[in-house]
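Student: Pasting work-v2.cif below, which is mmCIF, C-alpha atoms.
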```
data_query
#
loop_
_atom_site.label_atom_id
_atom_site.label_comp_id
_atom_site.auth_asym_id
_atom_site.auth_seq_id
_atom_site.Cartn_x
_atom_site.Cartn_y
_atom_site.Cartn_z
CA MET A 819 95.32 -122.44 130.41
CA ARG A 820 97.31 -119.29 129.85
CA THR A 821 97.79 -116.33 132.17
CA VAL A 822 99.15 -112.82 131.82
CA MET A 823 100.31 -110.96 134.92
CA HIS A 824 100.49 -107.18 135.04
CA CYS A 825 102.96 -105.39 137.31
CA THR A 826 103.34 -101.64 137.49
CA ALA A 827 104.90 -101.45 140.94
CA GLY A 828 108.08 -99.43 141.33
CA SER A 829 109.44 -100.73 144.63
CA ALA A 830 111.72 -103.74 144.69
CA SER A 831 109.69 -105.31 147.51
CA ALA A 832 106.46 -105.15 145.51
CA GLN A 833 108.24 -106.38 142.36
CA ARG A 834 109.61 -109.28 144.40
CA ARG A 835 106.11 -110.18 145.57
CA ALA A 836 104.86 -110.00 141.96
CA LEU A 837 107.58 -112.41 140.87
CA ALA A 838 106.74 -114.66 143.84
CA ASN A 839 103.13 -114.65 142.58
CA ALA A 840 104.44 -115.89 139.23
CA ALA A 841 106.52 -118.57 140.94
CA ASN A 842 103.51 -119.67 142.99
CA LEU A 843 101.44 -120.05 139.85
CA LEU A 844 104.15 -122.21 138.26
CA ALA A 845 104.41 -124.29 141.44
CA ASP A 846 100.67 -125.06 141.58
CA GLU A 847 100.51 -128.67 140.43
CA THR A 848 96.72 -128.69 140.29
CA LEU A 849 96.87 -126.57 137.12
CA ASP A 850 97.64 -127.36 133.53
CA LEU A 851 99.40 -124.13 132.63
CA GLU A 852 100.47 -123.71 129.02
CA ALA A 853 101.85 -120.20 129.14
CA LEU A 854 102.66 -117.36 131.50
CA ALA A 855 103.51 -113.84 130.44
CA VAL A 856 104.49 -111.11 132.91
CA VAL A 857 104.07 -107.58 131.56
CA PHE A 858 105.87 -104.73 133.28
CA ASN A 859 104.82 -101.16 132.58
CA GLY A 860 105.14 -97.82 134.33
CA ASP A 861 107.71 -97.93 137.10
CA GLY A 862 107.43 -101.70 136.94
CA VAL A 863 109.83 -101.74 133.98
CA HIS A 864 112.73 -101.13 136.34
CA ALA A 865 112.24 -104.73 137.52
CA ALA A 866 113.43 -105.94 134.12
CA ARG A 867 116.78 -104.12 134.23
CA ALA A 868 119.82 -106.36 134.39
CA ASP A 869 121.00 -104.41 137.43
CA ALA A 870 117.65 -104.46 139.24
CA PRO A 871 117.43 -105.79 142.81
CA VAL A 872 115.04 -108.44 141.47
CA ALA A 873 117.00 -109.28 138.30
CA ASP A 874 117.89 -112.73 139.60
CA GLU A 875 114.21 -113.48 140.20
CA VAL A 876 113.43 -112.38 136.63
CA ARG A 877 116.19 -114.62 135.29
CA GLY A 878 114.96 -117.47 137.47
CA LEU A 879 111.46 -117.08 136.11
CA LEU A 880 112.63 -117.15 132.50
CA ALA A 881 114.74 -120.22 133.29
CA ARG A 882 111.56 -122.12 134.11
CA GLY A 883 110.43 -122.08 130.47
CA PRO A 884 110.92 -124.85 127.92
CA GLU A 885 113.78 -123.26 126.00
CA GLU A 886 115.99 -122.89 128.99
CA ASP A 887 115.58 -126.15 130.81
CA ALA A 888 114.56 -128.36 127.90
CA ALA A 889 111.58 -129.76 129.84
CA PRO A 890 109.22 -130.45 126.95
CA ASP A 891 106.07 -129.88 128.99
CA ALA A 892 107.20 -126.71 130.74
CA PRO A 893 104.91 -123.75 130.13
CA LEU A 894 106.00 -121.00 127.77
CA ILE A 895 107.29 -118.14 129.89
CA GLU A 896 107.70 -114.58 128.67
CA VAL A 897 108.66 -111.39 130.43
CA CYS A 898 107.67 -108.20 128.63
CA ALA A 899 108.51 -104.54 129.17
CA CYS A 900 106.52 -101.59 127.77
CA SER A 901 108.51 -99.54 125.24
CA ASN A 902 106.70 -96.33 126.19
CA SER A 903 107.59 -96.77 129.84
CA LEU A 904 111.21 -97.58 129.02
CA ALA A 905 111.56 -94.53 126.77
CA SER A 906 110.00 -92.11 129.24
CA ARG A 907 112.35 -93.38 131.97
CA GLY A 908 115.46 -93.29 129.78
CA VAL A 909 116.02 -97.05 130.02
CA ASP A 910 117.64 -98.55 126.96
CA PRO A 911 116.49 -102.04 125.90
CA ASP A 912 120.15 -103.11 126.09
CA GLU A 913 120.01 -102.55 129.85
CA LEU A 914 117.37 -105.26 130.33
CA VAL A 915 117.74 -108.85 131.47
CA HIS A 916 118.51 -111.09 128.50
CA ASP A 917 115.38 -112.50 126.85
CA VAL A 918 113.04 -109.82 128.20
CA ARG A 919 110.86 -108.77 125.29
CA VAL A 920 110.19 -105.10 124.61
CA VAL A 921 106.56 -104.70 123.52
CA SER A 922 105.00 -101.79 121.67
CA SER A 923 102.91 -100.92 124.72
CA GLY A 924 102.08 -102.61 127.99
CA MET A 925 98.40 -101.78 127.53
CA GLY A 926 98.40 -103.19 124.01
CA GLU A 927 100.13 -106.38 125.11
CA LEU A 928 97.64 -106.91 127.95
CA SER A 929 94.75 -106.35 125.57
CA ARG A 930 96.17 -108.63 122.91
CA ARG A 931 96.90 -111.47 125.31
CA GLN A 932 93.37 -111.42 126.68
CA ALA A 933 91.95 -111.39 123.16
CA ASP A 934 94.08 -114.51 122.62
CA GLY A 935 92.48 -116.23 125.62
CA TYR A 936 94.86 -115.43 128.46
CA GLY A 937 93.44 -114.74 131.90
CA TYR A 938 94.61 -111.55 133.60
CA ILE A 939 95.97 -111.06 137.10
CA ARG A 940 97.18 -107.78 138.51
CA VAL A 941 100.23 -108.38 140.67
CA PRO A 942 101.24 -108.08 143.40
CA MET B 132 89.61 -106.31 120.25
CA ARG B 133 87.88 -104.48 123.05
CA THR B 134 89.28 -103.40 126.39
CA VAL B 135 87.82 -102.11 129.65
CA MET B 136 90.05 -100.21 132.05
CA HIS B 137 89.26 -99.95 135.76
CA CYS B 138 90.41 -96.98 137.81
CA THR B 139 89.63 -96.50 141.47
CA ALA B 140 92.48 -94.13 142.29
CA GLY B 141 91.63 -90.94 144.12
CA SER B 142 94.73 -88.84 143.48
CA ALA B 143 94.94 -86.65 140.41
CA SER B 144 98.44 -87.94 139.64
CA ALA B 145 97.27 -91.56 139.60
CA GLN B 146 94.19 -90.63 137.58
CA ARG B 147 96.45 -88.84 135.11
CA ARG B 148 98.56 -91.98 134.74
CA ALA B 149 95.42 -94.06 134.22
CA LEU B 150 94.30 -91.72 131.43
CA ALA B 151 97.81 -91.86 129.95
CA ASN B 152 97.48 -95.66 129.95
CA ALA B 153 94.29 -95.23 127.91
CA ALA B 154 96.03 -92.84 125.52
CA ASN B 155 98.94 -95.27 125.12
CA LEU B 156 96.54 -98.06 124.21
CA LEU B 157 94.91 -95.86 121.56
CA ALA B 158 98.32 -94.85 120.22
CA ASP B 159 99.51 -98.45 119.76
CA GLU B 160 99.30 -98.93 116.02
CA THR B 161 100.05 -102.65 116.24
CA LEU B 162 96.54 -103.24 117.60
CA ASP B 163 93.14 -103.37 115.98
CA LEU B 164 91.14 -101.83 118.80
CA GLU B 165 87.37 -101.69 118.35
CA ALA B 166 86.35 -100.27 121.68
CA LEU B 167 87.75 -98.87 124.91
CA ALA B 168 85.73 -98.25 128.05
CA VAL B 169 87.20 -96.65 131.17
CA VAL B 170 85.22 -97.34 134.34
CA PHE B 171 85.78 -95.13 137.37
CA ASN B 172 84.54 -96.25 140.76
CA GLY B 173 85.33 -95.47 144.38
CA ASP B 174 87.38 -92.30 144.69
CA GLY B 175 88.15 -92.67 141.00
CA VAL B 176 84.80 -91.06 140.14
CA HIS B 177 86.22 -87.66 141.05
CA ALA B 178 88.28 -87.90 137.83
CA ALA B 179 85.06 -87.61 135.82
CA ARG B 180 83.97 -84.31 137.37
CA ALA B 181 83.90 -81.35 135.02
CA ASP B 182 86.05 -79.42 137.50
CA ALA B 183 88.57 -82.23 138.09
CA PRO B 184 92.30 -81.59 137.59
CA VAL B 185 92.19 -84.28 134.89
CA ALA B 186 88.93 -83.17 133.24
CA ASP B 187 90.75 -82.05 130.09
CA GLU B 188 92.35 -85.48 129.77
CA VAL B 189 88.92 -87.09 130.11
CA ARG B 190 87.52 -84.78 127.44
CA GLY B 191 90.52 -85.48 125.23
CA LEU B 192 89.98 -89.21 125.58
CA LEU B 193 86.31 -88.96 124.62
CA ALA B 194 87.26 -86.77 121.66
CA ARG B 195 89.23 -89.69 120.23
CA GLY B 196 86.02 -91.65 119.54
CA PRO B 197 84.15 -91.85 116.25
CA GLU B 198 81.29 -89.53 117.18
CA GLU B 199 83.50 -86.65 118.04
CA ASP B 200 86.06 -86.66 115.31
CA ALA B 201 84.05 -88.40 112.59
CA ALA B 202 86.88 -90.82 111.87
CA PRO B 203 84.89 -93.81 110.72
CA ASP B 204 87.44 -96.35 111.94
CA ALA B 205 88.10 -94.78 115.34
CA PRO B 206 87.39 -97.10 118.25
CA LEU B 207 84.27 -96.60 120.30
CA ILE B 208 85.33 -94.80 123.46
CA GLU B 209 83.25 -94.64 126.63
CA VAL B 210 83.95 -93.22 130.07
CA CYS B 211 81.74 -94.58 132.85
CA ALA B 212 81.22 -93.57 136.47
CA CYS B 213 79.68 -95.80 139.17
CA SER B 214 76.35 -94.45 140.46
CA ASN B 215 76.93 -95.91 143.93
CA SER B 216 80.28 -94.17 144.23
CA LEU B 217 78.84 -90.86 143.01
CA ALA B 218 75.94 -91.04 145.47
CA SER B 219 78.08 -91.91 148.46
CA ARG B 220 80.38 -88.98 147.67
CA GLY B 221 77.57 -86.50 147.03
CA VAL B 222 78.53 -85.96 143.39
CA ASP B 223 75.60 -85.15 141.12
CA PRO B 224 75.69 -86.59 137.58
CA ASP B 225 75.25 -83.00 136.32
CA GLU B 226 78.69 -82.23 137.70
CA LEU B 227 80.41 -84.70 135.37
CA VAL B 228 82.22 -84.11 132.11
CA HIS B 229 79.76 -84.13 129.22
CA ASP B 230 79.25 -87.59 127.71
CA VAL B 231 80.46 -89.49 130.79
CA ARG B 232 77.98 -92.31 131.33
CA VAL B 233 76.65 -93.06 134.79
CA VAL B 234 76.37 -96.84 135.20
CA SER B 235 74.32 -98.77 137.74
CA SER B 236 77.51 -100.04 139.40
CA GLY B 237 81.17 -100.07 138.52
CA MET B 238 81.41 -103.74 139.49
CA GLY B 239 78.41 -104.62 137.35
CA GLU B 240 79.78 -102.71 134.37
CA LEU B 241 83.16 -104.44 134.65
CA SER B 242 81.46 -107.83 134.88
CA ARG B 243 79.13 -107.14 131.99
CA ARG B 244 81.89 -105.88 129.70
CA GLN B 245 84.01 -108.96 130.28
CA ALA B 246 81.00 -111.20 129.64
CA ASP B 247 80.72 -109.30 126.34
CA GLY B 248 84.31 -110.14 125.44
CA TYR B 249 86.24 -107.14 126.68
CA GLY B 250 89.67 -107.67 128.20
CA TYR B 251 90.28 -106.06 131.60
CA ILE B 252 93.16 -103.89 132.74
CA ARG B 253 93.45 -102.32 136.15
CA VAL B 254 94.94 -98.84 135.81
CA PRO B 255 97.18 -97.15 136.61
CA MET C 73 77.64 -114.12 134.10
CA ARG C 74 80.28 -115.07 136.63
CA THR C 75 82.87 -112.87 138.31
CA VAL C 76 85.98 -113.48 140.38
CA MET C 77 87.28 -110.70 142.59
CA HIS C 78 90.90 -110.56 143.72
CA CYS C 79 91.89 -108.89 146.99
CA THR C 80 95.44 -108.73 148.31
CA ALA C 81 94.99 -105.74 150.59
CA GLY C 82 96.18 -106.07 154.16
CA SER C 83 94.36 -103.19 155.85
CA ALA C 84 90.91 -103.70 157.29
CA SER C 85 89.66 -100.53 155.61
CA ALA C 86 90.72 -101.73 152.16
CA GLN C 87 89.35 -105.20 152.85
CA ARG C 88 86.05 -103.59 153.87
CA ARG C 89 85.93 -101.67 150.59
CA ALA C 90 86.65 -104.87 148.68
CA LEU C 91 83.76 -106.60 150.43
CA ALA C 92 81.55 -103.56 149.72
CA ASN C 93 82.50 -103.95 146.06
CA ALA C 94 81.23 -107.53 146.24
CA ALA C 95 78.00 -106.38 147.92
CA ASN C 96 77.51 -103.71 145.26
CA LEU C 97 77.85 -106.30 142.52
CA LEU C 98 75.23 -108.50 144.20
CA ALA C 99 72.93 -105.49 144.64
CA ASP C 100 73.05 -104.52 140.95
CA GLU C 101 69.66 -105.64 139.67
CA THR C 102 70.54 -104.90 136.05
CA LEU C 103 72.81 -107.98 136.03
CA ASP C 104 72.10 -111.68 135.77
CA LEU C 105 74.89 -112.91 138.03
CA GLU C 106 75.31 -116.67 138.35
CA ALA C 107 78.37 -116.82 140.54
CA LEU C 108 80.78 -114.66 142.50
CA ALA C 109 84.06 -115.84 143.95
CA VAL C 110 86.31 -113.63 146.08
CA VAL C 111 89.92 -114.77 146.23
CA PHE C 112 92.13 -113.46 149.02
CA ASN C 113 95.89 -113.86 148.76
CA GLY C 114 98.93 -112.19 150.25
CA ASP C 115 98.03 -110.07 153.27
CA GLY C 116 94.44 -110.22 152.04
CA VAL C 117 94.05 -113.66 153.64
CA HIS C 118 93.81 -112.01 157.06
CA ALA C 119 90.33 -110.81 155.98
CA ALA C 120 89.13 -114.42 156.05
CA ARG C 121 90.09 -115.06 159.67
CA ALA C 122 87.19 -115.65 162.05
CA ASP C 123 88.59 -112.92 164.30
CA ALA C 124 89.22 -110.39 161.52
CA PRO C 125 87.71 -106.89 161.78
CA VAL C 126 85.81 -107.68 158.56
CA ALA C 127 84.75 -111.23 159.52
CA ASP C 128 81.10 -110.22 159.78
CA GLU C 129 81.19 -108.80 156.28
CA VAL C 130 82.70 -112.08 155.03
CA ARG C 131 79.97 -114.06 156.79
CA GLY C 132 77.34 -111.69 155.40
CA LEU C 133 78.66 -112.20 151.89
CA LEU C 134 78.57 -115.98 152.19
CA ALA C 135 75.03 -115.74 153.61
CA ARG C 136 73.89 -114.21 150.31
CA GLY C 137 74.44 -117.50 148.47
CA PRO C 138 71.82 -120.12 147.68
CA GLU C 139 72.81 -122.65 150.33
CA GLU C 140 72.47 -120.24 153.18
CA ASP C 141 69.29 -118.40 152.39
CA ALA C 142 67.57 -121.04 150.30
CA ALA C 143 66.79 -118.52 147.55
CA PRO C 144 66.87 -120.80 144.52
CA ASP C 145 68.01 -118.07 142.13
CA ALA C 146 70.70 -116.58 144.36
CA PRO C 147 74.15 -116.60 142.78
CA LEU C 148 76.72 -119.12 143.94
CA ILE C 149 79.04 -117.30 146.32
CA GLU C 150 82.48 -118.53 147.32
CA VAL C 151 85.23 -117.00 149.40
CA CYS C 152 88.68 -118.49 148.84
CA ALA C 153 92.01 -118.07 150.66
CA CYS C 154 95.42 -118.94 149.20
CA SER C 155 97.11 -121.81 151.01
CA ASN C 156 100.59 -120.44 150.30
CA SER C 157 99.69 -117.09 151.83
CA LEU C 158 98.11 -118.74 154.88
CA ALA C 159 101.15 -120.94 155.45
CA SER C 160 103.69 -118.15 155.11
CA ARG C 161 101.72 -116.05 157.63
CA GLY C 162 101.22 -118.89 160.10
CA VAL C 163 97.43 -118.85 159.76
CA ASP C 164 95.80 -122.25 160.26
CA PRO C 165 92.77 -123.06 158.09
CA ASP C 166 90.85 -123.73 161.31
CA GLU C 167 91.17 -120.04 162.13
CA LEU C 168 89.12 -118.99 159.10
CA VAL C 169 85.48 -118.02 158.82
CA HIS C 170 83.35 -121.14 158.34
CA ASP C 171 82.83 -122.04 154.67
CA VAL C 172 85.89 -120.14 153.42
CA ARG C 173 87.63 -122.46 150.99
CA VAL C 174 91.37 -122.92 151.10
CA VAL C 175 92.68 -123.13 147.54
CA SER C 176 96.00 -124.52 146.36
CA SER C 177 97.12 -121.07 145.27
CA GLY C 178 95.44 -117.74 144.80
CA MET C 179 97.15 -117.32 141.42
CA GLY C 180 96.02 -120.76 140.31
CA GLU C 181 92.45 -120.13 141.40
CA LEU C 182 92.31 -116.81 139.55
CA SER C 183 93.72 -118.46 136.43
CA ARG C 184 91.36 -121.41 136.63
CA ARG C 185 88.27 -119.28 137.15
CA GLN C 186 89.05 -117.14 134.13
CA ALA C 187 89.65 -120.23 132.03
CA ASP C 188 86.15 -121.29 133.17
CA GLY C 189 84.65 -118.02 131.90
CA TYR C 190 84.69 -115.80 134.96
CA GLY C 191 85.44 -112.12 134.52
CA TYR C 192 88.14 -110.67 136.79
CA ILE C 193 88.05 -107.58 138.96
CA ARG C 194 90.85 -106.43 141.21
CA VAL C 195 89.37 -105.03 144.40
CA PRO C 196 89.25 -102.62 146.04
#
```
Just give me the structure as structure tokens.
Tutor:
Amino acid sequence: MRTVMHCTAGSASAQRRALANAANLLADETLDLEALAVVFNGDGVHAARADAPVADEVRGLLARGPEEDAAPDAPLIEVCACSNSLASRGVDPDELVHDVRVVSSGMGELSRRQADGYGYIRVP
Amino acid sequence: MRTVMHCTAGSASAQRRALANAANLLADETLDLEALAVVFNGDGVHAARADAPVADEVRGLLARGPEEDAAPDAPLIEVCACSNSLASRGVDPDELVHDVRVVSSGMGELSRRQADGYGYIRVP
Amino acid sequence: MRTVMHCTAGSASAQRRALANAANLLADETLDLEALAVVFNGDGVHAARADAPVADEVRGLLARGPEEDAAPDAPLIEVCACSNSLASRGVDPDELVHDVRVVSSGMGELSRRQADGYGYIRVP
């Protein structure tokens, strides 16, 4: 199965809980998870900045994917940030954690993923 | 694809962000969006009142649909308000923005739409 | 159709609104609902405690299912609590309302249900 998580929370504590939700999903051994995408929009995009209080958690999440750790059966993991939200907050894509993907819109990405069969969870 | 957005926020600022989320989805040219429904329930139903601070944004959203602007390829756009929430708040359907649909229940509408293939996004 | 509701709210008032959302879905006679699952995670798990302010509403919800009231066409109703959230809050499964199911993870349960065709609603 595949899951997309949606985080729009601006506080570091809520962002941390959202990332813990993602970690809990990955840790659930009763599931056969193929892919996890976390989409940040609104004030949530600050979580994806390289200097964010939760940047290490974002990096840790991305490091769980197959490219990073070379585990062939690891789920695909993507972290996405909404370009509209970045622009309106004056955040340059260069300021984001490496490997965070900038998407045309958070709303579009959430719609597209679900049309592709992902389940949706609002976090935290 | 088709998307249903769910807004239960009572403050005008949060409602405005929810309607901006809807506008951002419509503005995303990388998508082929067939339909967008925005369902207001709980305190969110106040957003659909004709005298709401965000009434112009609701009207503007509805004006993006095919009936209003005669653009044959515009997505179908619907704004729905939960009848239970209206009744418990003493809001008469006559007080709503023209073309807002009153639905039997917000929960039922959100369930039905997803059973019909819509993706779900909680906003804002 | 089948629906899974997701509640992470810690306050009794928000939990009560979430449970009212569930009741409103069950009361909507325009729907053919086969199953409803309510998943509590985070601080939401406190709602499932036998001594919670909303415990009677949880019991009332479970009593709407086919096993309890012997109505053969009643929808299947399940209330689930995240084991991670229980453990981190020091809540023992024995402290929960009877018939609440402890699930490996709230995130996993929400993913699994959607992969099985359930629609998702964040409540309240």
Student: Which one of A:Pro893, A:Pro871, A:Gly828, A:Gly860 sits closest to Ala905 of chain A if you count only C-alpha atoms?
Tutor: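 Nearest candidate to Ala905 of chain A out of A:Pro893, A:Pro871, A:Gly828, A:Gly860: A:Gly860.
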Student: Going by the chain IDs and residue numbers used in this file, which residues fall under the PyMOL selection byres ((chain C) within 9 of (chain B))? Write them as a list in words.
Tutor: Met73, Arg74, Thr75, Arg89, Asn93, Ala94, Asn96, Leu97, Leu98, Ala99, Asp100, Glu101, Thr102, Leu103, Leu105, Gly189, Tyr190, Gly191, Tyr192, Ile193, Arg194 and Pro196 of chain C
Student: Over all C-alpha pairs taken in sequence order, what does chain A look like after a least-squares fit onto chain B? Please give it as an mmCIF file with C-alpha atoms, in the frame of the given file.
Tutor:
```cif
data_model
loop_
_atom_site.group_PDB
_atom_site.id
_atom_site.type_symbol
_atom_site.label_atom_id
_atom_site.label_comp_id
_atom_site.auth_asym_id
_atom_site.auth_seq_id
_atom_site.Cartn_x
_atom_site.Cartn_y
_atom_site.Cartn_z
ATOM 1 C CA MET A 819 89.604 -106.328 120.247
ATOM 2 C CA ARG A 820 87.884 -104.487 123.048
ATOM 3 C CA THR A 821 89.281 -103.408 126.403
ATOM 4 C CA VAL A 822 87.824 -102.120 129.645
ATOM 5 C CA MET A 823 90.052 -100.208 132.052
ATOM 6 C CA HIS A 824 89.254 -99.945 135.744
ATOM 7 C CA CYS A 825 90.406 -96.967 137.808
ATOM 8 C CA THR A 826 89.625 -96.496 141.470
ATOM 9 C CA ALA A 827 92.473 -94.136 142.300
ATOM 10 C CA GLY A 828 91.630 -90.926 144.126
ATOM 11 C CA SER A 829 94.727 -88.820 143.488
ATOM 12 C CA ALA A 830 94.940 -86.642 140.410
ATOM 13 C CA SER A 831 98.441 -87.944 139.645
ATOM 14 C CA ALA A 832 97.274 -91.562 139.591
ATOM 15 C CA GLN A 833 94.164 -90.627 137.577
ATOM 16 C CA ARG A 834 96.435 -88.845 135.105
ATOM 17 C CA ARG A 835 98.569 -91.965 134.735
ATOM 18 C CA ALA A 836 95.412 -94.058 134.207
ATOM 19 C CA LEU A 837 94.298 -91.726 131.430
ATOM 20 C CA ALA A 838 97.818 -91.848 129.951
ATOM 21 C CA ASN A 839 97.473 -95.656 129.941
ATOM 22 C CA ALA A 840 94.287 -95.225 127.907
ATOM 23 C CA ALA A 841 96.029 -92.832 125.526
ATOM 24 C CA ASN A 842 98.925 -95.265 125.119
ATOM 25 C CA LEU A 843 96.533 -98.047 124.208
ATOM 26 C CA LEU A 844 94.892 -95.843 121.565
ATOM 27 C CA ALA A 845 98.312 -94.844 120.220
ATOM 28 C CA ASP A 846 99.500 -98.448 119.767
ATOM 29 C CA GLU A 847 99.281 -98.941 116.013
ATOM 30 C CA THR A 848 100.044 -102.650 116.232
ATOM 31 C CA LEU A 849 96.527 -103.247 117.589
ATOM 32 C CA ASP A 850 93.137 -103.392 115.979
ATOM 33 C CA LEU A 851 91.131 -101.856 118.800
ATOM 34 C CA GLU A 852 87.374 -101.696 118.341
ATOM 35 C CA ALA A 853 86.356 -100.274 121.685
ATOM 36 C CA LEU A 854 87.742 -98.866 124.908
ATOM 37 C CA ALA A 855 85.732 -98.247 128.041
ATOM 38 C CA VAL A 856 87.207 -96.650 131.169
ATOM 39 C CA VAL A 857 85.219 -97.332 134.338
ATOM 40 C CA PHE A 858 85.765 -95.122 137.360
ATOM 41 C CA ASN A 859 84.530 -96.255 140.755
ATOM 42 C CA GLY A 860 85.339 -95.465 144.366
ATOM 43 C CA ASP A 861 87.377 -92.297 144.684
ATOM 44 C CA GLY A 862 88.159 -92.666 141.000
ATOM 45 C CA VAL A 863 84.809 -91.065 140.142
ATOM 46 C CA HIS A 864 86.217 -87.666 141.047
ATOM 47 C CA ALA A 865 88.274 -87.908 137.838
ATOM 48 C CA ALA A 866 85.062 -87.606 135.830
ATOM 49 C CA ARG A 867 83.960 -84.303 137.387
ATOM 50 C CA ALA A 868 83.913 -81.352 135.027
ATOM 51 C CA ASP A 869 86.058 -79.433 137.507
ATOM 52 C CA ALA A 870 88.566 -82.238 138.093
ATOM 53 C CA PRO A 871 92.295 -81.598 137.597
ATOM 54 C CA VAL A 872 92.200 -84.285 134.895
ATOM 55 C CA ALA A 873 88.939 -83.174 133.243
ATOM 56 C CA ASP A 874 90.751 -82.047 130.108
ATOM 57 C CA GLU A 875 92.354 -85.479 129.771
ATOM 58 C CA VAL A 876 88.913 -87.092 130.114
ATOM 59 C CA ARG A 877 87.514 -84.779 127.444
ATOM 60 C CA GLY A 878 90.517 -85.482 125.236
ATOM 61 C CA LEU A 879 89.965 -89.202 125.566
ATOM 62 C CA LEU A 880 86.297 -88.953 124.624
ATOM 63 C CA ALA A 881 87.253 -86.762 121.660
ATOM 64 C CA ARG A 882 89.212 -89.674 120.216
ATOM 65 C CA GLY A 883 86.030 -91.660 119.537
ATOM 66 C CA PRO A 884 84.143 -91.852 116.248
ATOM 67 C CA GLU A 885 81.293 -89.525 117.171
ATOM 68 C CA GLU A 886 83.513 -86.645 118.030
ATOM 69 C CA ASP A 887 86.078 -86.647 115.286
ATOM 70 C CA ALA A 888 84.077 -88.383 112.570
ATOM 71 C CA ALA A 889 86.931 -90.819 111.844
ATOM 72 C CA PRO A 890 84.914 -93.825 110.707
ATOM 73 C CA ASP A 891 87.449 -96.370 111.933
ATOM 74 C CA ALA A 892 88.108 -94.797 115.321
ATOM 75 C CA PRO A 893 87.389 -97.120 118.230
ATOM 76 C CA LEU A 894 84.272 -96.599 120.311
ATOM 77 C CA ILE A 895 85.313 -94.784 123.467
ATOM 78 C CA GLU A 896 83.246 -94.630 126.635
ATOM 79 C CA VAL A 897 83.950 -93.219 130.057
ATOM 80 C CA CYS A 898 81.749 -94.569 132.836
ATOM 81 C CA ALA A 899 81.220 -93.566 136.457
ATOM 82 C CA CYS A 900 79.687 -95.792 139.162
ATOM 83 C CA SER A 901 76.358 -94.450 140.460
ATOM 84 C CA ASN A 902 76.943 -95.922 143.921
ATOM 85 C CA SER A 903 80.282 -94.172 144.230
ATOM 86 C CA LEU A 904 78.844 -90.876 143.005
ATOM 87 C CA ALA A 905 75.935 -91.040 145.454
ATOM 88 C CA SER A 906 78.078 -91.910 148.462
ATOM 89 C CA ARG A 907 80.397 -88.984 147.657
ATOM 90 C CA GLY A 908 77.577 -86.503 147.044
ATOM 91 C CA VAL A 909 78.537 -85.960 143.398
ATOM 92 C CA ASP A 910 75.611 -85.162 141.152
ATOM 93 C CA PRO A 911 75.683 -86.591 137.606
ATOM 94 C CA ASP A 912 75.249 -83.013 136.346
ATOM 95 C CA GLU A 913 78.704 -82.220 137.725
ATOM 96 C CA LEU A 914 80.400 -84.704 135.381
ATOM 97 C CA VAL A 915 82.216 -84.122 132.111
ATOM 98 C CA HIS A 916 79.745 -84.138 129.226
ATOM 99 C CA ASP A 917 79.246 -87.598 127.714
ATOM 100 C CA VAL A 918 80.454 -89.494 130.784
ATOM 101 C CA ARG A 919 77.976 -92.304 131.323
ATOM 102 C CA VAL A 920 76.647 -93.062 134.793
ATOM 103 C CA VAL A 921 76.378 -96.842 135.201
ATOM 104 C CA SER A 922 74.328 -98.762 137.737
ATOM 105 C CA SER A 923 77.500 -100.028 139.401
ATOM 106 C CA GLY A 924 81.172 -100.058 138.533
ATOM 107 C CA MET A 925 81.410 -103.725 139.501
ATOM 108 C CA GLY A 926 78.410 -104.609 137.357
ATOM 109 C CA GLU A 927 79.776 -102.712 134.371
ATOM 110 C CA LEU A 928 83.165 -104.439 134.655
ATOM 111 C CA SER A 929 81.467 -107.815 134.883
ATOM 112 C CA ARG A 930 79.146 -107.125 131.981
ATOM 113 C CA ARG A 931 81.894 -105.874 129.691
ATOM 114 C CA GLN A 932 84.005 -108.960 130.291
ATOM 115 C CA ALA A 933 81.007 -111.198 129.649
ATOM 116 C CA ASP A 934 80.715 -109.314 126.344
ATOM 117 C CA GLY A 935 84.319 -110.157 125.441
ATOM 118 C CA TYR A 936 86.259 -107.142 126.674
ATOM 119 C CA GLY A 937 89.682 -107.666 128.200
ATOM 120 C CA TYR A 938 90.280 -106.066 131.594
ATOM 121 C CA ILE A 939 93.153 -103.883 132.741
ATOM 122 C CA ARG A 940 93.447 -102.313 136.156
ATOM 123 C CA VAL A 941 94.908 -98.837 135.829
ATOM 124 C CA PRO A 942 97.181 -97.185 136.648
#
```
Student: Rank A:Ala830, A:Val915, A:Leu854, A:Cys900 by their smallest atom-to-atom distance to Pro884 of chain A, using only C-alpha atoms, and report the top residue only.
Tutor: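 For Pro884 of chain A, the nearest of the candidates is A:Leu854.
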Student: Box along x, y and z, 3 Å on every side, all listed atoms of segment 157-168 of chain C inside: centre and edge lengths in Å to one decimal, as JSON.
Tutor:
```
{"center_x": 96.4, "center_y": -119.9, "center_z": 157.0, "size_x": 20.6, "size_y": 13.7, "size_z": 16.3}
```
Student: Quick check on the file I pasted: which residues fall under the PyMOL selection byres ((chain A and resi 868) around 9)? Write them as a list in words.
Tutor: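 Checked against the file, the PyMOL selection byres ((chain A and resi 868) around 9) matches Ala865, Ala866, Arg867, Asp869, Ala870, Pro871, Val872, Ala873, Asp874, Asp912, Glu913, Leu914, Val915 and His916 of chain A.
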Student: Distance cut-off 6 Å, centre (75.2, -114.8, 145.7) in file coordinates, counting only C-alpha atoms: which residues qualify? Return them as a list in words.
Tutor: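 Residues close enough to count: Arg136, Gly137, Ala146, Pro147, Leu148 and Ile149 of chain C.
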Student: Please tell me which residues are no farther than 6 Å from (88.5, -118.8, 151.0) in the file, counting all atoms listed in the file, and write them as a list in words.
Tutor: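 Taken together, the residues in range are Val151, Cys152, Ala153, Val172, Arg173 and Val174 of chain C.
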